[in-house]
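Novice: Here it is, the structure, as structure tokens.
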Amino acid sequence: KPDGHTITAINALTNAKSIVQVSKKERTLKRFKREFNLPQNAIDGLRNAITACDRPVKQLQNEADQLANRLEQRRFPESPENLKKVRDEVKRKLKSGKRDEISDFDKEAFGGKVQEAQQYELRNEVDKIMKKASFNWKPLEITTKEGAGAYSLARLAPNYAEIARCLEEIPEDFQPETVLDYGSGSAAGFWAVNQRWPMAKEVTMVDISDAMTKFAMDSLRKNQTSPDPTGKPFVHDNINFRRHLLPSLNTTYDVVLAHRVLSEIGSSETRLQLIESLWKRTNRFLILIESAQSSAFGGILEARDFLLTQGTTVDYRKLLIDLEEKVMLSPKVVRIVEDYNLSDYEKFVMLKEAIPAGETLPTMLPTA
Ligand SMILES: C[S@@+](CC[C@H](N)C(=O)[O-])C[C@H]1O[C@@H](n2cnc3c(N)ncnc32)[C@H](O)[C@@H]1O
């Protein structure tokens, strides 16, 4: 309807009714840039770092092209359960297609050696098919300067474009002071941040690979012919390079960026632990970027769902203890907490209204 829609929701167990009025908001469409080219100082930095490598540039470029192809075909890591399902299906299809199955008599022959050989062959065939279908995820492990050089040659420009495009989504009047780039790799995130917010006071780059960090440091060094009077070696006065996050949660950042890092982590549980850890260090924006593959988008949705549900799941134990200590615990709050007919989200909404004014509702994670 032109004046909006009314949506009525009824809780089947309690018969509680909620009516939501949805109205259309005039949207002003923002025009986004379509091209994001690497700034000249990023190109110069890459050239400096590449020439410091021990391999001829042509050879590095060749390795970069091969790596780019490999990365393009690589899938987001599948969960072990999914992998097993696909494997079992491939195995079943292969088995059913085999006409020359050995007989029960043959299976016993030569002390089971024939059967063993057949199973070995089947396993090999399954492996080959899985690999062909790109179910061959491995983390990108960069351990040498040349490896970092090849990665940067292959990915610095596209990574920069991806990140720069995403930063455009952030309101124009927002100006961060501190930025964390987790899994900073080729420093594409630094260049995109530096271009969008040249006034950012501090950029922290975290990458588990020493080789990658050293290469990025080389590419971010000032182009000096004579000693710099300020004594600051990098193109930005305040860049920190780290291998891990600072353990303390007291250090937080206005913007936290994690670009193509979730796809480096094989297990969903570890990915969500990382998301939790990054979220706890985020003051305003957590930016997650993955490739355009649908499985990678699944990884982003998984992270988003996790943050939305954890942020609206009340830590009931803490709530009850806190309110009791302050002698503010009302029977209404206890009733809501103990009502098994309500979902966590319903409890979250009702408790927000039921707790005394000025009290905050403790949730499993800060609410997104
Ligand atoms: C695909 S690259 C990301 C690219 C990077 N954002 C860029 O623009 O170049 C992934 C990076 O994450 C780093 N990495 C992988 N696992 C990590 C982890 N658990 N913690 C921190 N960094 C990690 C890798 O060393 C690599 O440099």
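So you can find residues: chains in the structure tokens are A, B, ... in the order shown, residues in each start at 1, and ligands are numbered from 1 in order.
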For A:Trp197, list every protein, DNA or RNA residue within 10 Å, evaluated using only C-alpha atoms, and leave out those in the same chain fewer than 6 positions away; present the list as a CSV table (one decimal) with C-alpha atoms, in the first residue's frame.
Specialist:
```csv
chain,number,residue,atom,x,y,z
A,167,LEU,CA,34.5,2.0,2.7
A,174,PHE,CA,32.2,9.7,9.9
A,175,GLN,CA,35.9,10.2,10.7
A,176,PRO,CA,37.7,7.4,12.6
A,177,GLU,CA,40.7,8.1,14.7
A,179,VAL,CA,41.6,1.7,12.5
A,191,TRP,CA,46.0,2.3,1.4
```
Novice: Within 10 Å of A:Val235, counting only C-alpha atoms, which residues show up once you throw out same-chain ones fewer than 5 positions away? Write them as a ChimeraX atom specification, please.
Specialist: /A:41-42,45,194,217,219-223
Novice: Show me which residues are within 6 Å of ligand 1 counting only C-alpha atoms and all ligand atoms, and format the list as a PDB file with C-alpha atoms, in the first residue's frame.
Specialist:
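Result file follows (part_27.pdb):
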```pdb
ATOM      1  CA  LEU A 156      47.208  -5.576  -4.059  1.00  0.00           C
ATOM      2  CA  ASN A 159      42.119  -6.000  -2.818  1.00  0.00           C
ATOM      3  CA  GLY A 183      44.863 -10.025   8.187  1.00  0.00           C
ATOM      4  CA  SER A 184      46.441  -6.946   6.641  1.00  0.00           C
ATOM      5  CA  GLY A 185      48.473  -8.888   4.023  1.00  0.00           C
ATOM      6  CA  SER A 186      49.601  -6.678   1.170  1.00  0.00           C
ATOM      7  CA  ALA A 187      48.569  -3.463   3.031  1.00  0.00           C
ATOM      8  CA  ALA A 188      45.712  -2.873   0.582  1.00  0.00           C
ATOM      9  CA  GLY A 189      43.559  -2.019   3.614  1.00  0.00           C
ATOM     10  CA  VAL A 206      47.784  -7.448  12.256  1.00  0.00           C
ATOM     11  CA  ASP A 207      48.982 -10.397  10.207  1.00  0.00           C
ATOM     12  CA  ILE A 208      50.069 -13.808  11.365  1.00  0.00           C
ATOM     13  CA  SER A 209      52.666 -14.091   8.585  1.00  0.00           C
ATOM     14  CA  MET A 212      53.828 -10.780   4.663  1.00  0.00           C
ATOM     15  CA  HIS A 259      39.293  -8.499   4.425  1.00  0.00           C
ATOM     16  CA  ARG A 260      39.440 -12.046   2.997  1.00  0.00           C
ATOM     17  CA  VAL A 261      40.567 -13.455   6.327  1.00  0.00           C
ATOM     18  CA  GLU A 264      41.777 -18.423   5.682  1.00  0.00           C
TER      19      GLU A 264
END
```
Novice: How many Å separate atom CA of A:Asn62 from atom CA of A:Arg243?
Specialist: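 Taking atom CA of A:Asn62 as the start and atom CA of A:Arg243 as the end point, the length is 28.7 Å.
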Novice: Compile the contact shell of stretch 22-27 of chain A as a PyMOL selection string: residues with an atom at most 7 Å away, counting only C-alpha atoms, same-chain residues fewer than 2 positions apart removed.
Specialist: chain A and resi 3-6+20+29
Novice: Skipping near chain neighbours, those fewer than 6 positions away, what residues fall within 12 Å of A:Glu81 using only C-alpha atoms, listed as a PyMOL selection string?
Specialist: chain A and resi 87-88+267-268
Novice: Would you kindly return, as a list in words, each protein, DNA or RNA residue with an atom no farther than 12 Å from any atom of stretch 309-311 of chain A, considering only C-alpha atoms and excluding same-chain residues fewer than 3 positions away?
Specialist: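 Result of the neighbour search: Leu272, Ile275, Glu276, Trp279, Lys280, Leu301, Glu302, Ala303, Arg304, Asp305, Phe306, Val314, Asp315, Ser343, Asp344, Tyr345, Glu346, Phe348, Val349, Leu361, Pro362, Thr363, Met364, Leu365, Pro366, Thr367 and Ala368 of chain A.
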Novice: Give me, as a ChimeraX atom specification, the residues of stretch 144-328 of chain A that a backbone DSSP run labels alpha helix (DSSP H).
Specialist: /A:145-167,188-196,210-220,268-279,294-310,316-325
Novice: Would you output that residue set with C-alpha atoms, as a PDB file, in the first residue's frame?
Specialist:
```pdb
ATOM      1  CA  LYS A 145      59.521 -12.464   1.021  1.00  0.00           C
ATOM      2  CA  GLU A 146      59.140 -13.709  -2.566  1.00  0.00           C
ATOM      3  CA  GLY A 147      55.833 -15.407  -1.698  1.00  0.00           C
ATOM      4  CA  ALA A 148      54.621 -12.140  -0.196  1.00  0.00           C
ATOM      5  CA  GLY A 149      55.847 -10.313  -3.313  1.00  0.00           C
ATOM      6  CA  ALA A 150      53.971 -12.660  -5.642  1.00  0.00           C
ATOM      7  CA  TYR A 151      50.798 -12.340  -3.525  1.00  0.00           C
ATOM      8  CA  SER A 152      51.027  -8.550  -3.507  1.00  0.00           C
ATOM      9  CA  LEU A 153      51.653  -8.388  -7.262  1.00  0.00           C
ATOM     10  CA  ALA A 154      48.599 -10.570  -7.790  1.00  0.00           C
ATOM     11  CA  ARG A 155      46.223  -9.052  -5.276  1.00  0.00           C
ATOM     12  CA  LEU A 156      47.208  -5.576  -4.059  1.00  0.00           C
ATOM     13  CA  ALA A 157      45.204  -3.732  -6.746  1.00  0.00           C
ATOM     14  CA  PRO A 158      42.012  -5.867  -6.621  1.00  0.00           C
ATOM     15  CA  ASN A 159      42.119  -6.000  -2.818  1.00  0.00           C
ATOM     16  CA  TYR A 160      42.457  -2.228  -2.701  1.00  0.00           C
ATOM     17  CA  ALA A 161      39.471  -1.810  -5.024  1.00  0.00           C
ATOM     18  CA  GLU A 162      37.318  -4.196  -2.949  1.00  0.00           C
ATOM     19  CA  ILE A 163      38.114  -2.439   0.306  1.00  0.00           C
ATOM     20  CA  ALA A 164      37.881   1.091  -1.086  1.00  0.00           C
ATOM     21  CA  ARG A 165      34.438   0.288  -2.523  1.00  0.00           C
ATOM     22  CA  CYS A 166      33.210  -1.023   0.823  1.00  0.00           C
ATOM     23  CA  LEU A 167      34.509   2.025   2.699  1.00  0.00           C
ATOM     24  CA  ALA A 188      45.712  -2.873   0.582  1.00  0.00           C
ATOM     25  CA  GLY A 189      43.559  -2.019   3.614  1.00  0.00           C
ATOM     26  CA  PHE A 190      46.050   0.599   4.743  1.00  0.00           C
ATOM     27  CA  TRP A 191      46.005   2.318   1.351  1.00  0.00           C
ATOM     28  CA  ALA A 192      42.215   2.285   1.146  1.00  0.00           C
ATOM     29  CA  VAL A 193      41.897   3.675   4.679  1.00  0.00           C
ATOM     30  CA  ASN A 194      44.593   6.270   4.040  1.00  0.00           C
ATOM     31  CA  GLN A 195      42.822   7.412   0.899  1.00  0.00           C
ATOM     32  CA  ARG A 196      39.382   7.593   2.533  1.00  0.00           C
ATOM     33  CA  ASP A 210      56.022 -12.457   9.364  1.00  0.00           C
ATOM     34  CA  ALA A 211      57.012 -12.580   5.705  1.00  0.00           C
ATOM     35  CA  MET A 212      53.828 -10.780   4.663  1.00  0.00           C
ATOM     36  CA  THR A 213      54.262  -8.122   7.357  1.00  0.00           C
ATOM     37  CA  LYS A 214      57.908  -7.502   6.457  1.00  0.00           C
ATOM     38  CA  PHE A 215      57.000  -7.131   2.799  1.00  0.00           C
ATOM     39  CA  ALA A 216      54.174  -4.732   3.670  1.00  0.00           C
ATOM     40  CA  MET A 217      56.593  -2.741   5.855  1.00  0.00           C
ATOM     41  CA  ASP A 218      59.014  -2.465   2.919  1.00  0.00           C
ATOM     42  CA  SER A 219      56.217  -1.232   0.678  1.00  0.00           C
ATOM     43  CA  LEU A 220      55.129   1.387   3.219  1.00  0.00           C
ATOM     44  CA  SER A 268      33.487 -22.318  11.623  1.00  0.00           C
ATOM     45  CA  GLU A 269      34.042 -22.346  15.385  1.00  0.00           C
ATOM     46  CA  THR A 270      37.422 -20.598  15.076  1.00  0.00           C
ATOM     47  CA  ARG A 271      35.961 -18.086  12.613  1.00  0.00           C
ATOM     48  CA  LEU A 272      33.253 -17.147  15.090  1.00  0.00           C
ATOM     49  CA  GLN A 273      35.812 -16.858  17.894  1.00  0.00           C
ATOM     50  CA  LEU A 274      37.696 -14.401  15.706  1.00  0.00           C
ATOM     51  CA  ILE A 275      34.510 -12.448  14.935  1.00  0.00           C
ATOM     52  CA  GLU A 276      33.756 -12.250  18.654  1.00  0.00           C
ATOM     53  CA  SER A 277      37.234 -11.053  19.400  1.00  0.00           C
ATOM     54  CA  LEU A 278      37.110  -8.394  16.650  1.00  0.00           C
ATOM     55  CA  TRP A 279      33.617  -7.277  17.656  1.00  0.00           C
ATOM     56  CA  SER A 294      28.310 -17.795  -2.690  1.00  0.00           C
ATOM     57  CA  SER A 295      30.100 -20.011  -0.142  1.00  0.00           C
ATOM     58  CA  ALA A 296      32.148 -16.996   0.980  1.00  0.00           C
ATOM     59  CA  PHE A 297      28.967 -14.942   1.261  1.00  0.00           C
ATOM     60  CA  GLY A 298      27.690 -17.785   3.468  1.00  0.00           C
ATOM     61  CA  GLY A 299      30.683 -17.097   5.722  1.00  0.00           C
ATOM     62  CA  ILE A 300      29.685 -13.431   5.985  1.00  0.00           C
ATOM     63  CA  LEU A 301      26.071 -14.367   6.780  1.00  0.00           C
ATOM     64  CA  GLU A 302      27.265 -16.804   9.433  1.00  0.00           C
ATOM     65  CA  ALA A 303      29.237 -13.985  11.084  1.00  0.00           C
ATOM     66  CA  ARG A 304      26.334 -11.556  10.809  1.00  0.00           C
ATOM     67  CA  ASP A 305      23.817 -14.000  12.299  1.00  0.00           C
ATOM     68  CA  PHE A 306      26.222 -14.761  15.104  1.00  0.00           C
ATOM     69  CA  LEU A 307      26.622 -11.082  16.018  1.00  0.00           C
ATOM     70  CA  LEU A 308      22.894 -10.382  15.769  1.00  0.00           C
ATOM     71  CA  THR A 309      21.854 -13.337  17.937  1.00  0.00           C
ATOM     72  CA  GLN A 310      24.624 -13.039  20.525  1.00  0.00           C
ATOM     73  CA  TYR A 316      20.305 -14.169  32.384  1.00  0.00           C
ATOM     74  CA  ARG A 317      22.542 -15.255  35.228  1.00  0.00           C
ATOM     75  CA  LYS A 318      24.415 -11.959  35.236  1.00  0.00           C
ATOM     76  CA  LEU A 319      21.185  -9.976  34.976  1.00  0.00           C
ATOM     77  CA  LEU A 320      19.626 -11.713  37.980  1.00  0.00           C
ATOM     78  CA  ILE A 321      22.774 -11.425  40.105  1.00  0.00           C
ATOM     79  CA  ASP A 322      23.297  -7.736  39.201  1.00  0.00           C
ATOM     80  CA  LEU A 323      19.705  -6.735  39.942  1.00  0.00           C
ATOM     81  CA  GLU A 324      19.580  -8.763  43.142  1.00  0.00           C
ATOM     82  CA  GLU A 325      22.772  -7.143  44.411  1.00  0.00           C
TER      83      GLU A 325
END
```
Novice: Could you tell me how far atom CA of A:Ile142 sits from atom CA of A:Ala258, in Å to one decimal place?
Specialist: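 If I compute the distance from atom CA of A:Ala258 to atom CA of A:Ile142, I get 17.6 Å.
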Novice: In Å, rounded to a single decimal, give me how far atom CA of A:Thr178 is from atom CA of A:His236.
Specialist: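 We find that atom CA of A:His236 and atom CA of A:Thr178 lie 12.7 Å from each other.
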Novice: Pick from A:Thr230, A:Ser18, A:Asn250, A:Ser330: nearest to A:Arg281, with only C-alpha atoms counted?
Specialist: A:Asn250
Novice: List every residue of stretch 51-216 of chain A that DSSP, applied to the backbone of this structure, places in strand (DSSP E), and write the result as a ChimeraX atom specification.
Specialist: /A:178-182,202-206
Novice: Convert the current residue selection to file output with N, CA and C atoms, as a compact mmCIF listing (two decimals), in the first residue's frame.
Specialist:
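Written output follows (result-v8.txt):
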```
# COMPACT_ATOMS: atom_id res chain seq x y z
N THR A 178 41.04 5.71 14.99
CA THR A 178 41.86 4.49 15.04
C THR A 178 41.24 3.42 14.15
N VAL A 179 42.11 2.72 13.43
CA VAL A 179 41.65 1.66 12.51
C VAL A 179 42.49 0.41 12.74
N LEU A 180 41.83 -0.73 12.75
CA LEU A 180 42.54 -2.01 12.82
C LEU A 180 42.29 -2.76 11.53
N ASP A 181 43.37 -3.20 10.89
CA ASP A 181 43.22 -4.05 9.69
C ASP A 181 43.71 -5.43 10.08
N TYR A 182 42.77 -6.36 10.24
CA TYR A 182 43.14 -7.71 10.69
C TYR A 182 43.34 -8.61 9.47
N GLU A 202 45.76 6.65 13.80
CA GLU A 202 46.54 5.44 14.04
C GLU A 202 45.97 4.27 13.24
N VAL A 203 46.85 3.55 12.55
CA VAL A 203 46.40 2.36 11.82
C VAL A 203 47.19 1.17 12.35
N THR A 204 46.48 0.16 12.81
CA THR A 204 47.16 -1.04 13.33
C THR A 204 46.94 -2.17 12.34
N MET A 205 48.05 -2.80 11.94
CA MET A 205 47.96 -3.89 10.97
C MET A 205 48.38 -5.18 11.64
N VAL A 206 47.48 -6.16 11.62
CA VAL A 206 47.78 -7.45 12.26
C VAL A 206 47.82 -8.52 11.18
```
